[in-house]
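Reading through the structure tokens given below for one structure.
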Amino acid sequence: MDRPNLLRRKREKGRTPPRGRLNVRTAFARYGALLGLLAMLVVFSALKPGVFPTYRNALSILSQISLLGIIAGGVTTVLVMGDFDLSIGAHATFAGLLVAGLFPIMHPALAIGITLLTGIGIGLVNGILIAHIRISAFVGTLAMSTMLTGMSYWYTKGATLFKGIPQGFIGLARNTFLSIPILVWIMTGVLAVLHVLLNHTELGRRMYAVGGNPEAARYSGIRIPMQRITGFMISGFCASLTGILLVARLSSAQPRAGDGFLMDAFAAVFLGAATAKLGQFHIPGTLMGALIIGVALNGMTIIGVPFYFQYIFQGGILALAVAASGILRRRAL
Amino acid sequence: MREQADTRNTSLLDGDGARLRMTGMVKRFAGTLALDHVDFDVMPGEIHALLGQNGAGKSTLIRGLAGIYSFDDGEIEYEGTTIPELSPHTSHTLGMRFIHQELNLVPWFSVAENIVLGDRYPTRSFLINWKELNRRAEVVLERFGIDIKPSAPIQGLSVGQQWLVAIARALYTEGCLLVMDEPTASLSKREVSELLSFVSSLRQHGTSVIYISHRLQEIFEIAQRATVLRDGKRIVTCEVADLTPEKLAEFMVGRKASEIQHRIEPASESGLRLESSTRASEPAISVRDLSVDPIVHGVNFSVGASEIVGLTGLIGAGKTEIGSALFGLLKHTGVIRIGGKKAKLKSPRQAMRKGLALVPEERRRQSLVLDMSLRENLTLPYVSTYRRRLFPLLSRAAERKVTRGMVERLQVKTDGLETPIRNLSGGNQQKVVLGRWFQRPNIAVILDEPTRGIDVGARYEIFRFVRGLAVQGIGVLYISSDVEEVMQVADRILVLRDGAINADLPRSQTTAQEVLEYCYGQTKPTA
């Protein structure tokens with residue numbers, strides 16, 4: 001039994017590419033996103049050399065994606081476990097309205113604190129519905145999303161809230177620290193914490209185990225519902241934070257303001273899963289995905305692509321990203 | 001069928017007659033020779049056993065035959081015609097059928113629907129003609145003497161019957177060369193003998209079978225010839241009648257079977273130190289009146305510290321259920337004591353806290369996270385013990401240290417601790433699964449079919465490891481439906497029948513024959 005027959009086993013069991021065609025597909029899935037990013041950089045720079053490839057614009061792109069990065073980072077923790085959170089968009093909207101409504105009647109820090117706690121609470125409800133009552137994540141969070149939208153309209157009667165928003169708070173979205181926008185610092189901080197959480201703590205390890213093989217996780221003594229609920233709470237926290245920061249950026253809160261994050265966040269996370277690591281979800285990938293989307297939207301705006309085309313792009317990129325990460329995962333099996 | 005007079009190391013050199021002939025098959029994976037000029041052939045109506053340890057090249061050969069990947073060199077002849085290249089499609093058209101352990105039946109379809117699935121369903125004005133569908137299935141079932149109703153849903157059938165349906169399906173679409181990979185791995189003794197006699201009967205219809213199994217007795221029961229692969233080379237092809245099980249094992253392992261036997265028998269004196277004997281006063285596990293609805297009825301037994309207790313019985317007798325209940329996976333009633341202390345076990349987590357470990361039956365489904373590395377899989381159940389003292393982050397260095405120690409102790413063959421676990425062979429994966437439960441000093445461990453699908457060599461290493469655990473004072477409950485295996489490992493054997501303990505036999509005072517009799521029905525009050 002001391003034959004070194006490992007290498008062979010590895011290839012035999014593992015990912016032997018069966019046909020050349022599949023190889024191309026795998027390569028495309030793995031590097032397509034990066035190639036796309038490079039292509040966009042080249043094309044936009046060539047079309048608008050004075051505007052696109054500038055330091056100022058780079059900062060502007062980073063600032064634009066900072067909210068997307070936060071909300072997508074939160075939903076990454078949920079996707080790691082094979083769950084979904086479709087409520088994040090409506091949740092961000094709701095959190096924005098809540099915080100804007102609370103500002104006139106209390107200290108800003110308290111308003112933000114209450115909103116973040118509410119966000120965690122919404123995540124908790126999502127988690128309980130899904131992990132304990134065993135509603136499918138898809139349906140459960142879709143229901144939550146609809147309820148949140150309803151509550152948003154009920155709360156505002158459809159109006160925009162802009163009274164009593166403190167100037168200092170709005171400054172969060174306008175000011176810089178060390179000549180980098182504060183929002184970018186916040187995103188970096190949130191993503192760094194999430195990355196460490198997923199990769200260097202027991203919680204993260206267990207989350208990946210639950211996503212990789214729930215049955216094996218259970219046999220390893222992992223309390224699966226706990227992990228899933230925690231994921232939804234993190235996602236809820238990030239959605240609320242995004243909604244709050246969106247108020248700072250827009251200096252107001254409006255019904256539906258955060259809804260668009262849903263699509264972009266999922267596109268970012270799946271693009272991220274497709275850029276490395278065999279279709280696994282991870283924070284650096286998510287950041288990468290957000291960056292790709294940010295560059296695309298920024299570039300398209302600069303070269304004057306009509307807004308409806310941007311929707312088509314967003315939908316298309318989501319489908320492509322999911323397909324690519326799916327191909328990679330299948331190749332890994 | 002032609003009578004073949006050739007003996008070992010000669011293949012059938014006269015050209016005509018063979019259904020399939022592969023000559024000089026070569027398959028390289030990044031420079032490693034997975035198949036090194038292997039010759040293999042099957043005659044019409046022949047059952048040809050393909051043997052070898054994990055990694056010997058069996059699956060490479062079979063996958064190539066299925067067209068999953070192409071060979072680098074070699075010639076394939078099918079019924080006398082040279083086949084330039086095999087794809088899954090051509091392989092199917094030629095009549096080769098591959099029945100894997102997963103069977104690929106649709107559980108909520110009927111037998112008939114499954115049998116005809118590969119073909120087009122008969123229709124009458126666009127709607128499925130159910131009568132005709134059932135009739136067609138019945139014809140096949142009758143022809144091969146399978147006594148199952150075509151309208152029965154697959155879900156209600158036993159695993160053995162499902163195998164028969166899978167074979168019927170292969171034959172319905174005119175398969176004439178069946179490749180069966182470990183068909184008996186999850187079958188009870190009775191089902192095994194039924195399946196074997198059925199496979200034997202296929203010969204009358206001229207069907208050829210390539211039969212892969214780790215269970216040597218089966219090969220002697222049904223196969224005419226056997227080919228042994230080792231390290232990607234064909235070691236021998238010969239008539240089964242000229243072989244003995246010892247010979248066969250020797251070909252597979254490359255050394256004498258008696259040597260292997262020698263390695264585990266004196267395990268209790270194998271020089272492993274006795275680390276603690278303080279616990280020995282209390283039994284590791286003691287169970288009073290354990291019931292798991294509706295399978296297990298009021299079972300009493302105990303496993304002493306340093307004792308290996310074998311738990312055997314037919315499929316459905318309740319072996320796995322007892323193990324699962326102890327580990328908190330199944331609702332149960334009764335009193336369980338771990339290391340003398342009464343324990344309420346409602347979840348694996350609680351069971352682990354009491355010092356219990358379970359190596360479940362299905363490695364890939366229940367034990368491994370295939371996307372994770374060897375290290376991550378090893379530390380998974382006790383990952384919280386690798387937390388740093390000051391900051392709540394994991395210490396990879398500590399994880400690596402323990403993992404390295406375990407890899408060395410269990411002789412896991414791997415090219416690194418960070419290798420994805422999926423790249424390891426079954427035996428090595430199983431060693432990692434075993435190792436994961438011994439990062440902590442546990443009181444007792446439950447092993448459910450720990451050698452399933454594992455080759456002879458790795459098997460003995462696992463036996464030895466288990467013996468080593470007992471020597472260290474850990475109580476072992478060893479669940480296996482393989483009586484021979486239990487006889488080899490256990491100090492005491494509990495025979496389970498219909499959810500109750502039918503016999504409690506010290507190994508030294510019993511025989512495999514006796515154990516089997518208790519499995520099948522003879523009753524005797526528990527000792």
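Every chain in the structure tokens takes a letter, A first, then B, and so on in the order presented; its residues are numbered from 1, and the ligands are numbered from 1 following the presented order.
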Go through region 234-328 of chain A residue by residue and, counting only C-alpha atoms, keep those with an atom at most 12 Å from region 138-149 of chain A; for each kept residue give the shortest atom pair and its distance in Å to one decimal, ordered by chain and increasing number, as a Markdown table.
| residue | atom | partner | partner_atom | distance |
| --- | --- | --- | --- | --- |
| A:Ser235 | CA | A:Thr141 | CA | 11.5 |
| A:Gly236 | CA | A:Thr141 | CA | 11.0 |
| A:Ala239 | CA | A:Ser145 | CA | 11.8 |
| A:Gln254 | CA | A:Thr149 | CA | 11.3 |
| A:Pro255 | CA | A:Thr149 | CA | 7.8 |
| A:Arg256 | CA | A:Thr149 | CA | 7.6 |
| A:Ala257 | CA | A:Thr149 | CA | 10.8 |
| A:Gly258 | CA | A:Thr149 | CA | 10.5 |
| A:Asp259 | CA | A:Thr149 | CA | 9.1 |
| A:Leu262 | CA | A:Ser145 | CA | 10.3 |
Select all residues from chain B having any atom no more than 6 Å from an atom of chain A (counting only C-alpha atoms, ignoring ligands), output as a PyMOL selection string. chain B and resi 55+69+348-349+366-369+381+384+393-394+423
Excluding region 127-129 of chain A and residues on its chain fewer than 6 positions from it, collect all residues at most 9 Å away from it, counting only C-alpha atoms, and give them as a PyMOL selection string. chain A and resi 135-137+140-141+225-226+228-233
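Minimum atom-to-atom distance to Gly74 (chain A), evaluated using only C-alpha atoms, belongs to A:Thr242 out of A:Ser251, A:Thr301, A:Thr118, A:Thr242.
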Set the distance at 12 Å and use only C-alpha atoms: which residues neighbour Leu34 (chain A) once local chain neighbours fewer than 3 positions away are removed? I'd like the list as a list in words. Ala27, Phe28, Ala29, Arg30, Tyr31, Leu37, Leu38, Ala39, Met40, Leu41, Leu271, Gly272, Ala273, Ala274, Thr275, Ala276, Gly285, Met288, Gly289, Leu291, Ile292, Ile293 and Ala321 of chain A
As a compact mmCIF listing (two decimals) with C-alpha atoms, in the first residue's frame, please: every residue in region 177-344 of chain B that DSSP puts in helix (DSSP H, G or I).
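New file selection39.txt:
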# COMPACT_ATOMS: atom_id res chain seq x y z
CA LYS B 189 -27.22 -11.04 2.14
CA ARG B 190 -30.45 -12.38 0.77
CA GLU B 191 -30.70 -9.66 -1.85
CA VAL B 192 -27.12 -10.31 -2.84
CA SER B 193 -27.77 -13.95 -3.56
CA GLU B 194 -30.90 -13.06 -5.52
CA LEU B 195 -29.03 -10.53 -7.59
CA LEU B 196 -26.12 -12.87 -8.18
CA SER B 197 -28.32 -15.70 -9.41
CA PHE B 198 -30.13 -13.26 -11.66
CA VAL B 199 -26.90 -11.96 -13.13
CA SER B 200 -25.79 -15.55 -13.69
CA SER B 201 -29.01 -16.28 -15.53
CA LEU B 202 -28.32 -13.44 -17.97
CA ARG B 203 -25.67 -15.65 -19.59
CA GLN B 204 -28.37 -17.77 -21.20
CA HIS B 205 -29.48 -14.71 -23.12
CA LEU B 216 -14.26 -11.81 -3.63
CA GLN B 217 -16.79 -14.55 -2.75
CA GLU B 218 -19.21 -13.08 -5.28
CA ILE B 219 -16.70 -13.41 -8.01
CA PHE B 220 -16.23 -17.07 -7.29
CA GLU B 221 -19.98 -17.51 -7.35
CA ILE B 222 -20.74 -16.00 -10.73
CA VAL B 240 -11.93 -18.25 -11.96
CA ALA B 241 -11.93 -22.00 -11.56
CA ASP B 242 -8.13 -21.90 -11.44
CA PRO B 245 -9.55 -16.26 -2.88
CA GLU B 246 -6.06 -16.11 -1.37
CA LYS B 247 -4.46 -16.10 -4.81
CA LEU B 248 -6.79 -13.37 -5.96
CA ALA B 249 -6.12 -11.18 -2.93
CA GLU B 250 -2.41 -11.72 -3.51
CA PHE B 251 -2.68 -10.54 -7.11
CA MET B 252 -4.58 -7.47 -6.00
CA VAL B 253 -2.35 -6.47 -3.13
CA ALA B 257 -2.65 -12.35 1.96
CA SER B 258 -1.29 -14.28 4.92
CA GLU B 259 1.01 -11.34 5.64
CA ILE B 260 -1.93 -8.99 5.83
CA GLN B 261 -3.83 -11.34 8.04
CA HIS B 262 -0.83 -11.40 10.29
CA ARG B 263 -0.87 -7.65 10.64
CA ILE B 264 -4.20 -7.28 12.34
CA GLU B 265 -4.61 -10.47 14.28
CA PRO B 266 -2.20 -9.68 17.09
CA ALA B 267 -3.33 -6.08 17.25
CA SER B 268 -3.94 -6.19 20.96
CA GLU B 269 -0.24 -6.87 21.45
CA THR B 278 -8.63 4.95 34.48
CA ARG B 279 -11.89 5.04 32.62
CA ALA B 280 -12.02 1.32 32.34
CA SER B 281 -14.27 0.91 35.36
CA LYS B 319 -28.14 -1.25 12.97
CA THR B 320 -27.80 2.23 11.50
CA GLU B 321 -30.82 3.41 13.46
CA ILE B 322 -29.18 2.44 16.76
CA GLY B 323 -26.02 4.31 15.81
CA SER B 324 -27.98 7.36 14.66
CA ALA B 325 -30.13 7.39 17.79
CA LEU B 326 -27.06 7.29 20.01
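Of the residues listed (A:Met81, A:Ile65, A:Ile105, A:Leu246), A:Met81 shows the shortest atom-to-atom separation from His282 (chain A); distances use only C-alpha atoms.
Interatomic distance, CA of Arg492 (chain B) against CA of Leu505 (chain B): 5.7 Å.
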